[in-house]
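File shown here: upload.csv, holding CSV, C-alpha atoms.
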```csv
chain,number,residue,atom,x,y,z
A,1,MET,CA,2.6,-0.8,7.8
A,2,ASP,CA,1.4,-3.8,5.9
A,3,MET,CA,-2.2,-2.7,6.6
A,4,ILE,CA,-1.4,0.7,5.0
A,5,LYS,CA,0.0,-1.0,1.9
A,6,LYS,CA,-3.0,-3.3,1.6
A,7,ILE,CA,-5.4,-0.4,1.9
A,8,ALA,CA,-3.4,1.5,-0.8
A,9,MET,CA,-3.3,-1.5,-3.2
A,10,THR,CA,-7.1,-2.0,-2.7
A,11,ALA,CA,-7.8,1.6,-3.4
A,12,SER,CA,-5.6,1.4,-6.5
A,13,THR,CA,-7.4,-1.7,-7.8
A,14,MET,CA,-10.8,-0.1,-7.2
A,15,LEU,CA,-9.7,3.1,-8.9
A,16,PHE,CA,-8.5,1.0,-11.9
A,17,ALA,CA,-11.7,-0.9,-12.1
A,18,LEU,CA,-13.9,2.2,-11.9
A,19,THR,CA,-11.8,3.9,-14.6
A,20,GLN,CA,-12.4,1.0,-16.9
A,21,ILE,CA,-16.1,0.9,-16.2
A,22,PHE,CA,-16.4,4.6,-16.8
A,23,SER,CA,-14.5,4.3,-20.1
A,24,PHE,CA,-16.8,1.5,-21.3
A,25,TYR,CA,-19.8,3.6,-20.3
A,26,VAL,CA,-18.6,6.7,-22.1
A,27,ILE,CA,-17.7,4.7,-25.3
A,28,LEU,CA,-21.0,2.7,-25.4
A,29,THR,CA,-23.1,5.8,-24.7
A,30,SER,CA,-21.2,7.7,-27.4
A,31,ARG,CA,-21.8,4.9,-29.9
A,32,GLN,CA,-25.5,4.7,-29.1
A,33,GLN,CA,-25.8,8.4,-29.5
A,34,LYS,CA,-24.3,8.2,-33.0
A,35,ILE,CA,-26.7,5.4,-33.9
A,36,ASP,CA,-29.7,7.4,-32.5
A,37,LEU,CA,-28.6,10.4,-34.5
A,38,VAL,CA,-28.4,8.4,-37.8
A,39,GLN,CA,-31.7,6.8,-37.0
A,40,LYS,CA,-33.5,10.1,-36.7
A,41,GLN,CA,-31.8,11.7,-39.7
A,42,GLN,CA,-32.2,8.8,-42.1
A,43,GLY,CA,-35.6,8.0,-40.7
A,44,SER,CA,-36.8,11.4,-41.8
A,45,ILE,CA,-35.5,10.7,-45.3
A,46,PHE,CA,-37.3,7.4,-45.4
A,47,SER,CA,-40.4,9.0,-44.1
A,48,GLN,CA,-40.3,11.6,-46.8
A,49,GLY,CA,-39.8,8.9,-49.5
A,50,ILE,CA,-42.8,7.0,-48.2
A,51,SER,CA,-44.9,10.2,-48.3
A,52,ASN,CA,-43.9,10.8,-51.9
A,53,ILE,CA,-44.7,7.2,-52.9
A,54,ASP,CA,-48.1,7.4,-51.2
A,55,SER,CA,-48.9,10.6,-53.1
A,56,ASP,CA,-48.0,9.1,-56.5
A,57,LEU,CA,-49.8,5.8,-55.8
A,58,LEU,CA,-52.9,7.6,-54.7
A,59,LYS,CA,-53.0,9.3,-58.1
A,60,MET,CA,-52.4,6.0,-59.9
A,61,ASN,CA,-55.1,4.1,-58.0
A,62,TYR,CA,-57.7,5.7,-60.3
A,63,GLN,CA,-56.0,4.2,-63.4
A,64,SER,CA,-57.5,1.1,-64.9
A,65,SER,CA,-54.4,-1.0,-64.4
A,66,MET,CA,-51.3,-0.8,-62.1
A,67,GLN,CA,-48.6,-3.4,-62.8
A,68,ASP,CA,-45.7,-4.2,-60.4
A,69,TYR,CA,-43.3,-2.2,-62.6
A,70,VAL,CA,-45.4,0.9,-62.0
A,71,VAL,CA,-45.1,0.5,-58.3
A,72,THR,CA,-41.4,-0.2,-58.7
A,73,TYR,CA,-41.0,2.9,-60.9
A,74,CYS,CA,-42.7,5.1,-58.3
A,75,PHE,CA,-40.5,3.5,-55.5
A,76,ARG,CA,-37.3,4.0,-57.5
A,77,ASN,CA,-38.1,7.6,-58.3
A,78,ASN,CA,-39.0,8.6,-54.7
A,79,MET,CA,-36.7,6.5,-52.5
A,80,PRO,CA,-32.9,7.4,-51.9
A,81,GLU,CA,-30.0,5.0,-52.7
A,82,GLY,CA,-30.0,2.0,-50.3
A,83,ALA,CA,-33.7,1.2,-50.7
A,84,ALA,CA,-35.4,-2.1,-51.6
A,85,LEU,CA,-38.9,-3.1,-52.6
A,86,TYR,CA,-40.5,-6.5,-52.0
A,87,LYS,CA,-43.9,-7.9,-52.9
A,88,GLU,CA,-44.5,-10.3,-50.1
A,89,ASP,CA,-41.3,-12.4,-50.4
A,90,LYS,CA,-40.5,-11.5,-54.0
A,91,GLU,CA,-37.8,-8.8,-54.6
A,92,LEU,CA,-38.9,-6.2,-57.1
A,93,TYR,CA,-36.2,-3.6,-56.7
A,94,ASN,CA,-33.0,-3.5,-54.5
A,95,SER,CA,-30.3,-0.7,-54.7
A,96,THR,CA,-28.4,-2.3,-51.7
A,97,PRO,CA,-25.9,-5.2,-51.7
A,98,TYR,CA,-28.0,-7.0,-49.1
A,99,ASP,CA,-30.9,-9.4,-49.3
A,100,PHE,CA,-33.9,-9.0,-46.9
A,101,ASP,CA,-36.4,-11.6,-45.7
A,102,SER,CA,-39.8,-9.9,-45.4
A,103,SER,CA,-41.4,-13.0,-44.0
A,104,GLN,CA,-39.3,-12.6,-40.8
A,105,ILE,CA,-40.3,-9.1,-40.1
A,106,ASN,CA,-42.9,-8.2,-37.4
A,107,LEU,CA,-44.7,-5.2,-38.8
A,108,LYS,CA,-47.0,-4.8,-35.9
A,109,GLN,CA,-44.6,-2.8,-33.7
A,110,GLU,CA,-44.3,0.5,-35.6
A,111,GLU,CA,-42.1,3.5,-34.8
A,112,TYR,CA,-41.7,6.9,-36.5
A,113,PRO,CA,-44.4,5.4,-37.9
A,114,PHE,CA,-42.2,2.7,-39.4
A,115,LEU,CA,-40.0,0.0,-38.0
A,116,VAL,CA,-36.3,0.4,-37.6
A,117,LYS,CA,-33.9,-2.4,-36.5
A,118,GLN,CA,-30.2,-2.8,-36.1
A,119,GLU,CA,-29.1,-5.8,-38.1
A,120,LYS,CA,-25.8,-7.5,-38.9
A,121,ILE,CA,-25.5,-9.0,-42.3
A,122,GLY,CA,-22.2,-10.6,-43.0
A,123,ASP,CA,-19.5,-8.2,-41.6
A,124,ALA,CA,-21.8,-5.1,-42.0
A,125,TYR,CA,-23.8,-3.4,-39.3
A,126,LEU,CA,-27.0,-1.9,-40.7
A,127,LEU,CA,-29.9,0.2,-39.6
A,128,VAL,CA,-32.8,-1.2,-41.5
A,129,PHE,CA,-36.1,0.8,-41.9
A,130,TYR,CA,-39.1,-0.9,-43.2
A,131,ILE,CA,-42.9,-0.5,-43.6
A,132,ASP,CA,-45.6,-2.4,-45.5
A,133,GLN,CA,-48.0,-0.8,-48.0
A,134,TRP,CA,-51.2,-2.3,-49.2
A,135,ILE,CA,-52.1,-1.3,-52.8
A,136,ARG,CA,-55.5,-2.1,-54.5
A,137,LYS,CA,-55.2,-2.6,-58.2
A,138,SER,CA,-58.1,-2.0,-60.5
A,139,GLY,CA,-60.5,-4.9,-60.2
A,140,GLN,CA,-58.2,-6.9,-57.9
A,141,LYS,CA,-57.7,-7.4,-54.2
A,142,GLN,CA,-55.2,-5.5,-52.2
A,143,GLU,CA,-51.6,-6.7,-52.4
A,144,LYS,CA,-48.9,-6.1,-49.8
A,145,TYR,CA,-45.6,-4.4,-50.7
A,146,VAL,CA,-42.7,-4.1,-48.2
A,147,TYR,CA,-40.3,-1.2,-48.4
A,148,PHE,CA,-36.8,-1.4,-47.0
A,149,TYR,CA,-34.2,1.4,-46.5
A,150,ALA,CA,-30.8,0.3,-45.2
A,151,VAL,CA,-28.2,2.6,-43.7
A,152,GLU,CA,-24.7,1.1,-43.0
A,153,ILE,CA,-23.3,2.0,-39.6
A,154,THR,CA,-20.3,-0.3,-39.6
A,155,TYR,CA,-18.0,2.7,-39.3
A,156,ILE,CA,-19.7,3.6,-36.0
A,157,PHE,CA,-18.9,0.2,-34.6
A,158,GLU,CA,-15.4,0.3,-36.0
A,159,GLU,CA,-14.8,3.7,-34.6
A,160,GLY,CA,-16.4,2.6,-31.3
A,161,TRP,CA,-14.1,-0.4,-30.9
A,162,LYS,CA,-11.1,1.7,-31.9
A,163,LEU,CA,-12.1,4.3,-29.4
A,164,ALA,CA,-12.7,1.6,-26.8
A,165,PHE,CA,-9.3,0.2,-27.4
A,166,LEU,CA,-7.7,3.6,-27.2
A,167,GLU,CA,-9.6,4.6,-24.1
A,168,ILE,CA,-9.0,1.4,-22.4
A,169,THR,CA,-5.3,1.5,-23.2
A,170,ILE,CA,-5.0,5.1,-22.0
A,171,SER,CA,-7.0,4.4,-18.9
A,172,MET,CA,-5.0,1.3,-18.2
A,173,VAL,CA,-1.7,3.1,-18.6
A,174,ALA,CA,-3.0,6.0,-16.5
A,175,SER,CA,-4.2,3.7,-13.8
A,176,LEU,CA,-1.0,1.7,-13.8
A,177,VAL,CA,1.1,4.9,-13.6
A,178,MET,CA,-1.2,6.1,-10.8
A,179,ALA,CA,-0.9,2.8,-9.0
A,180,ALA,CA,2.9,2.8,-9.4
A,181,LEU,CA,3.1,6.5,-8.2
A,182,LEU,CA,0.8,5.7,-5.2
A,183,ASN,CA,2.9,2.6,-4.4
A,184,PHE,CA,6.1,4.7,-4.7
A,185,LEU,CA,4.7,7.4,-2.4
A,186,ILE,CA,3.5,4.9,0.1
A,187,LYS,CA,7.0,3.3,0.2
A,188,ARG,CA,8.6,6.7,0.6
A,189,ILE,CA,6.2,7.6,3.4
A,190,THR,CA,6.3,4.2,5.2
A,191,LYS,CA,10.0,3.5,4.8
A,192,PRO,CA,11.1,5.8,7.6
A,193,LEU,CA,8.1,4.6,9.7
A,194,GLN,CA,9.2,1.0,9.1
A,195,ALA,CA,12.7,1.9,10.1
A,196,VAL,CA,11.5,3.5,13.2
A,197,ASN,CA,9.1,0.6,13.9
A,198,GLU,CA,12.0,-1.9,13.4
A,199,ALA,CA,14.3,0.2,15.6
A,200,GLN,CA,11.7,0.4,18.4
A,201,ARG,CA,11.0,-3.3,18.1
A,202,GLN,CA,14.7,-4.1,18.5
A,203,LEU,CA,14.9,-1.7,21.4
A,204,ILE,CA,12.0,-3.4,23.1
A,205,GLY,CA,13.5,-6.8,22.5
A,206,SER,CA,16.9,-5.6,23.8
A,207,MET,CA,15.4,-3.9,26.8
A,208,SER,CA,13.5,-7.1,27.7
A,209,HIS,CA,16.8,-9.0,27.6
A,210,GLU,CA,18.5,-6.3,29.7
A,211,LEU,CA,15.8,-6.3,32.3
A,212,LYS,CA,15.8,-10.0,32.7
A,213,THR,CA,19.1,-10.4,34.5
A,214,PRO,CA,18.8,-7.7,37.2
A,215,LEU,CA,15.1,-8.5,37.8
A,216,THR,CA,16.0,-12.2,38.3
A,217,ALA,CA,18.7,-11.3,40.7
A,218,ILE,CA,16.5,-8.8,42.6
A,219,LYS,CA,13.8,-11.5,42.8
A,220,GLY,CA,16.3,-14.1,44.0
A,221,TYR,CA,17.9,-11.8,46.7
A,222,SER,CA,14.5,-10.6,47.9
A,223,GLU,CA,13.2,-14.1,48.3
A,224,THR,CA,16.4,-15.1,50.1
A,225,LEU,CA,15.9,-12.2,52.5
A,226,LEU,CA,12.3,-13.2,53.1
A,227,HIS,CA,12.8,-16.9,53.6
A,228,VAL,CA,16.5,-17.6,54.6
A,229,LYS,CA,18.3,-16.6,57.8
A,230,LEU,CA,21.3,-14.5,56.8
A,231,SER,CA,24.1,-12.8,58.8
A,232,ARG,CA,24.1,-9.0,59.0
A,233,GLU,CA,26.9,-8.9,56.4
A,234,GLN,CA,25.1,-11.2,54.0
A,235,LYS,CA,21.9,-9.1,54.4
A,236,GLU,CA,23.8,-5.9,53.7
A,237,LYS,CA,25.4,-7.4,50.7
A,238,ALA,CA,22.0,-8.6,49.3
A,239,LEU,CA,20.3,-5.2,50.0
A,240,GLY,CA,23.3,-3.4,48.4
A,241,TYR,CA,22.9,-5.5,45.3
A,242,ILE,CA,19.2,-4.9,45.1
A,243,ASN,CA,19.8,-1.2,45.6
A,244,ARG,CA,22.4,-1.0,42.8
A,245,GLU,CA,20.3,-3.0,40.4
A,246,SER,CA,17.2,-1.0,41.2
A,247,LYS,CA,19.1,2.2,40.4
A,248,ARG,CA,20.4,0.7,37.2
A,249,LEU,CA,16.9,-0.3,36.2
A,250,SER,CA,15.8,3.3,36.9
A,251,ARG,CA,18.5,4.7,34.7
A,252,LEU,CA,17.8,2.2,32.0
A,253,SER,CA,14.1,3.2,32.0
A,254,GLU,CA,15.0,6.9,31.7
A,255,LYS,CA,17.4,6.3,28.9
A,256,MET,CA,14.9,4.1,27.1
A,257,MET,CA,12.2,6.8,27.4
A,258,GLU,CA,14.5,9.5,26.0
A,259,LEU,CA,15.7,7.3,23.2
A,260,THR,CA,12.2,6.1,22.2
A,261,ARG,CA,11.0,9.7,22.1
A,262,LEU,CA,13.9,10.6,19.7
A,263,TYR,CA,12.8,7.8,17.3
A,264,GLU,CA,9.3,9.2,16.9
A,265,PRO,CA,8.8,10.7,13.4
A,266,GLU,CA,7.2,13.8,14.8
A,267,CYS,CA,9.9,14.4,17.3
A,268,GLY,CA,10.6,18.1,17.4
A,269,ILE,CA,13.7,19.9,18.7
A,270,ASP,CA,14.1,23.4,20.0
A,271,LEU,CA,16.9,24.9,17.9
A,272,LYS,CA,18.4,28.1,19.3
A,273,ASP,CA,21.8,29.9,19.1
A,274,VAL,CA,23.7,28.4,22.1
A,275,SER,CA,27.0,29.6,23.6
A,276,VAL,CA,29.5,26.7,23.3
A,277,GLU,CA,31.3,27.9,26.5
A,278,SER,CA,28.0,27.9,28.4
A,279,LEU,CA,27.2,24.4,27.0
A,280,PHE,CA,30.6,23.0,28.1
A,281,GLU,CA,30.2,24.5,31.6
A,282,THR,CA,26.9,22.8,32.0
A,283,VAL,CA,28.4,19.5,30.9
A,284,GLU,CA,31.4,19.9,33.3
A,285,GLU,CA,29.1,20.7,36.2
A,286,SER,CA,27.1,17.5,35.5
A,287,VAL,CA,30.1,15.1,35.4
A,288,ARG,CA,32.3,16.8,38.1
A,289,TYR,CA,31.4,14.2,40.8
A,290,LYS,CA,32.2,11.2,38.5
A,291,LEU,CA,35.5,12.9,37.4
A,292,GLN,CA,36.5,13.4,41.1
A,293,GLU,CA,35.7,9.7,41.9
A,294,LYS,CA,38.2,8.6,39.3
A,295,ASP,CA,40.7,11.4,39.9
A,296,MET,CA,40.2,12.6,36.3
A,297,VAL,CA,40.4,16.0,34.7
A,298,LEU,CA,38.1,17.5,32.1
A,299,ARG,CA,39.9,19.9,29.7
A,300,LYS,CA,38.5,22.1,26.9
A,301,GLU,CA,40.1,22.6,23.6
A,302,GLY,CA,39.4,24.3,20.3
A,303,GLU,CA,38.2,27.8,19.4
A,304,ILE,CA,35.3,28.0,21.9
A,305,HIS,CA,35.6,31.6,23.0
A,306,GLY,CA,32.6,33.5,21.8
A,307,MET,CA,31.5,30.6,19.6
A,308,LYS,CA,27.8,29.9,19.1
A,309,LYS,CA,26.0,27.0,17.4
A,310,THR,CA,22.4,26.5,16.5
A,311,LEU,CA,21.1,23.4,18.3
A,312,ASP,CA,18.8,22.0,21.0
A,313,ALA,CA,20.7,22.8,24.2
A,314,ASP,CA,19.2,20.1,26.3
A,315,LEU,CA,19.7,17.3,23.7
A,316,MET,CA,23.3,18.4,22.9
A,317,THR,CA,24.0,18.5,26.7
A,318,SER,CA,22.8,15.0,26.9
A,319,PHE,CA,24.9,14.1,23.9
A,320,LEU,CA,28.1,15.4,25.4
A,321,ILE,CA,27.4,14.1,28.9
A,322,ASN,CA,26.9,10.6,27.5
A,323,LEU,CA,30.2,10.8,25.7
A,324,VAL,CA,32.1,12.1,28.7
A,325,ASN,CA,30.6,9.3,30.9
A,326,ASN,CA,31.7,6.7,28.3
A,327,GLY,CA,35.2,8.3,28.3
A,328,ILE,CA,35.4,8.1,32.1
A,329,MET,CA,34.4,4.4,32.1
A,330,ALA,CA,36.9,3.6,29.3
A,331,SER,CA,39.8,5.5,30.9
A,332,GLN,CA,42.2,4.8,33.8
A,333,PRO,CA,42.2,7.0,36.9
A,334,GLY,CA,44.3,10.1,36.6
A,335,SER,CA,43.8,10.5,32.8
A,336,HIS,CA,42.2,13.3,30.9
A,337,ILE,CA,38.9,13.9,29.1
A,338,TYR,CA,38.7,16.6,26.5
A,339,LEU,CA,35.7,18.7,25.3
A,340,GLY,CA,36.4,20.5,22.1
A,341,ALA,CA,34.7,22.5,19.3
A,342,ASP,CA,35.5,24.3,16.0
A,343,LYS,CA,33.3,25.8,13.4
A,344,HIS,CA,32.3,22.4,12.0
A,345,CYS,CA,31.8,20.1,15.0
A,346,LEU,CA,31.8,19.4,18.7
A,347,TRP,CA,33.7,16.5,20.1
A,348,VAL,CA,34.7,14.5,23.2
A,349,ARG,CA,38.1,12.9,23.3
A,350,ASP,CA,39.5,10.4,25.9
A,351,GLU,CA,42.8,8.6,26.6
A,352,GLY,CA,41.1,5.3,27.3
A,353,CYS,CA,41.3,1.7,26.0
A,354,GLY,CA,39.9,2.6,22.5
A,355,ILE,CA,37.5,0.6,20.3
A,356,PRO,CA,38.6,-2.1,17.9
A,357,THR,CA,38.1,-1.2,14.2
A,358,GLN,CA,35.7,-4.0,13.6
A,359,GLU,CA,33.5,-2.8,16.6
A,360,VAL,CA,33.3,0.9,15.7
A,361,ASP,CA,30.0,0.6,13.7
A,362,LYS,CA,28.5,-1.9,16.2
A,363,VAL,CA,28.8,0.4,19.2
A,364,ARG,CA,26.2,2.7,17.6
A,365,LYS,CA,23.5,0.1,18.3
A,366,ALA,CA,21.5,0.0,21.4
A,367,PHE,CA,22.8,-2.3,24.2
A,368,TYR,CA,25.9,-3.3,22.4
A,369,ARG,CA,29.1,-3.4,24.5
A,370,VAL,CA,32.7,-3.9,23.4
A,371,ASP,CA,33.8,-5.3,26.8
A,372,LYS,CA,30.6,-6.8,28.3
A,373,SER,CA,32.1,-7.8,31.7
A,374,ARG,CA,33.7,-4.4,32.3
A,375,SER,CA,30.6,-2.6,31.1
A,376,ARG,CA,28.4,-4.5,33.5
A,377,LYS,CA,30.7,-3.7,36.5
A,378,SER,CA,30.8,-0.1,35.6
A,379,GLY,CA,27.0,0.1,35.1
A,380,ASN,CA,27.2,0.8,31.3
A,381,MET,CA,24.0,-0.3,29.6
A,382,GLY,CA,25.1,0.2,26.0
A,383,LEU,CA,22.6,2.9,25.4
A,384,GLY,CA,24.8,6.0,25.4
A,385,LEU,CA,26.1,5.9,21.8
A,386,ALA,CA,22.7,4.8,20.4
A,387,LEU,CA,21.2,7.9,22.1
A,388,CYS,CA,24.0,10.1,20.8
A,389,GLU,CA,23.5,8.7,17.3
A,390,GLN,CA,19.8,9.6,17.3
A,391,ILE,CA,20.5,13.1,18.8
A,392,ALA,CA,22.9,13.8,15.9
A,393,PHE,CA,20.2,12.5,13.5
A,394,VAL,CA,17.4,14.8,14.7
A,395,HIS,CA,19.9,17.7,14.3
A,396,HIS,CA,20.4,16.6,10.7
A,397,GLY,CA,24.0,15.9,11.5
A,398,THR,CA,26.2,12.8,11.9
A,399,MET,CA,28.2,11.2,14.7
A,400,GLU,CA,31.7,10.3,13.7
A,401,ILE,CA,33.9,7.9,15.7
A,402,GLU,CA,37.7,7.8,15.5
A,403,SER,CA,39.5,5.3,17.8
A,404,GLN,CA,42.7,3.5,18.3
A,405,VAL,CA,43.0,0.6,20.7
A,406,GLY,CA,45.2,1.5,23.7
A,407,LYS,CA,45.3,5.2,22.7
A,408,GLY,CA,41.8,6.5,23.1
A,409,THR,CA,38.6,7.5,21.3
A,410,LYS,CA,37.3,10.8,19.7
A,411,ILE,CA,33.6,11.0,19.0
A,412,SER,CA,32.3,14.1,17.1
A,413,PHE,CA,29.0,15.7,16.2
A,414,VAL,CA,29.4,17.0,12.7
A,415,GLY,CA,27.0,19.3,10.9
A,416,ALA,CA,25.9,21.7,13.7
A,417,LYS,CA,25.0,25.1,12.3
A,418,LYS,CA,26.5,28.3,13.6
```
Encoded form using structure tokens:
Amino acid sequence: MDMIKKIAMTASTMLFALTQIFSFYVILTSRQQKIDLVQKQQGSIFSQGISNIDSDLLKMNYQSSMQDYVVTYCFRNNMPEGAALYKEDKELYNSTPYDFDSSQINLKQEEYPFLVKQEKIGDAYLLVFYIDQWIRKSGQKQEKYVYFYAVEITYIFEEGWKLAFLEITISMVASLVMAALLNFLIKRITKPLQAVNEAQRQLIGSMSHELKTPLTAIKGYSETLLHVKLSREQKEKALGYINRESKRLSRLSEKMMELTRLYEPECGIDLKDVSVESLFETVEESVRYKLQEKDMVLRKEGEIHGMKKTLDADLMTSFLINLVNNGIMASQPGSHIYLGADKHCLWVRDEGCGIPTQEVDKVRKAFYRVDKSRSRKSGNMGLGLALCEQIAFVHHGTMEIESQVGKGTKISFVGAKK
């Protein structure tokens, strides 16, 4: 069971981690796509502006003089808002709130065919486009001008982080809910399995304890027969004990196999409409010899004529036989055992010694005996009521015990369907 839980928790953790990674990937990809889109759109604007400036400057190149203010005038008229013009490191025009350092720009790696870089100036994120332009003035050498065009994309980063926070929060909540749901389902699934596992563990432990005493005695008696000279009477006594204990071990083994089978989660039962009269006759036939041994009488009571109940005939026969046998062992010779039924339940009632109130719930457990010395003498292994309890359970019913010390016990199966 612990292994199942560990596997489930590992799966939940991996699912949570994968969800977060996927969310980050989606967010970062989305943000980069926005930036690429802005780069292409604004890049075309910048490219068009450069083309217009080139056209105007080409016309002015034939003039006798071209001052910086002329170049600035052409730049200001052709470039959109957010542009800046530098002559080497000297700023000539700047319609942005940012300063640029043209000496730090590598103009050899061109794209679009101009450079574009993502920059962070202060708290603002920018896409900055730039290109250099060599202009020859009349009678002078060429001079380099650098054009800048800045597009603020801070909102993309802000939206990206907001989206990231929202996506991560949602995915975390979803993952935690999924993990909690998975954990809940695992507990619901494994709880009955754990109960069965614990019950079987206790049964095995109890059975080991039960086997120890007869096996030790059988071993001791057999070794005595092999190595010690005994009288005929002593040999018969030893062999008789070995025979009795062997039979008890055989019965114990059969009971344990039946009880263990009933504890299996997939245990199926064959439900059919069964005649109560026929069921009681089968039970009576099975216990007739034991009743005769103790000079006891089995009587039927209740409205059993023509009554039918939906149940597993074999299991319910075992249920009633176990209760009758318990009643026989708890009663004095010459007393009565009663088999009864009504529309709600089936029951077995005896006139025996009864069960103390504080012991009623305990007798449902495997191997528990109220009177251990009397039970051992009678061969009672303490498995009967545990078996009956489980038979009632697989029928989706309950086993109810009513008892008074010195007056007798009534044990009923409640919940059988007609």
Quiz prompt | Residue neighbourhood A:Phe280, 8 Å, all atoms listed in the file, exclusion window fewer than 4 positions, as a PyMOL selection string | solution = chain A and resi 276+284+339
Can you spit out the residues from that selection as a short mmCIF file (atom, residue, chain, number, x, y, z; two decimals), in the coordinates of the input, using C-alpha atoms?
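This is the output file result_12.cif:
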```
data_model
loop_
_atom_site.label_atom_id
_atom_site.label_comp_id
_atom_site.auth_asym_id
_atom_site.auth_seq_id
_atom_site.Cartn_x
_atom_site.Cartn_y
_atom_site.Cartn_z
CA VAL A 276 29.50 26.70 23.30
CA GLU A 284 31.40 19.90 33.30
CA LEU A 339 35.70 18.70 25.30
#
```
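Proximity to A:Lys410 was assessed for A:Ser250, A:Ser103, A:Asn326, A:Asn243 counting all atoms listed in the file; the smallest distance is recorded for A:Asn326.
Counting all atoms listed in the file, the residue from A:Gln194, A:Ile269, A:Gly43, A:Lys34 that sits nearest to A:Ile156 is A:Lys34.
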Atom pair atom CA of A:Glu277 + atom CA of A:Ile328, distance 21.0 Å
The distance between atom CA of A:Val177 and atom CA of A:Glu158 is 28.2 Å
Requested in this report: List the residues sitting within 10 Å of (-34.7, -9.9, -45.2) in the file's frame, using all atoms listed in the file, as a PyMOL selection string.
Outcome: chain A and resi 86+89+91+98-105+119+121+128+148
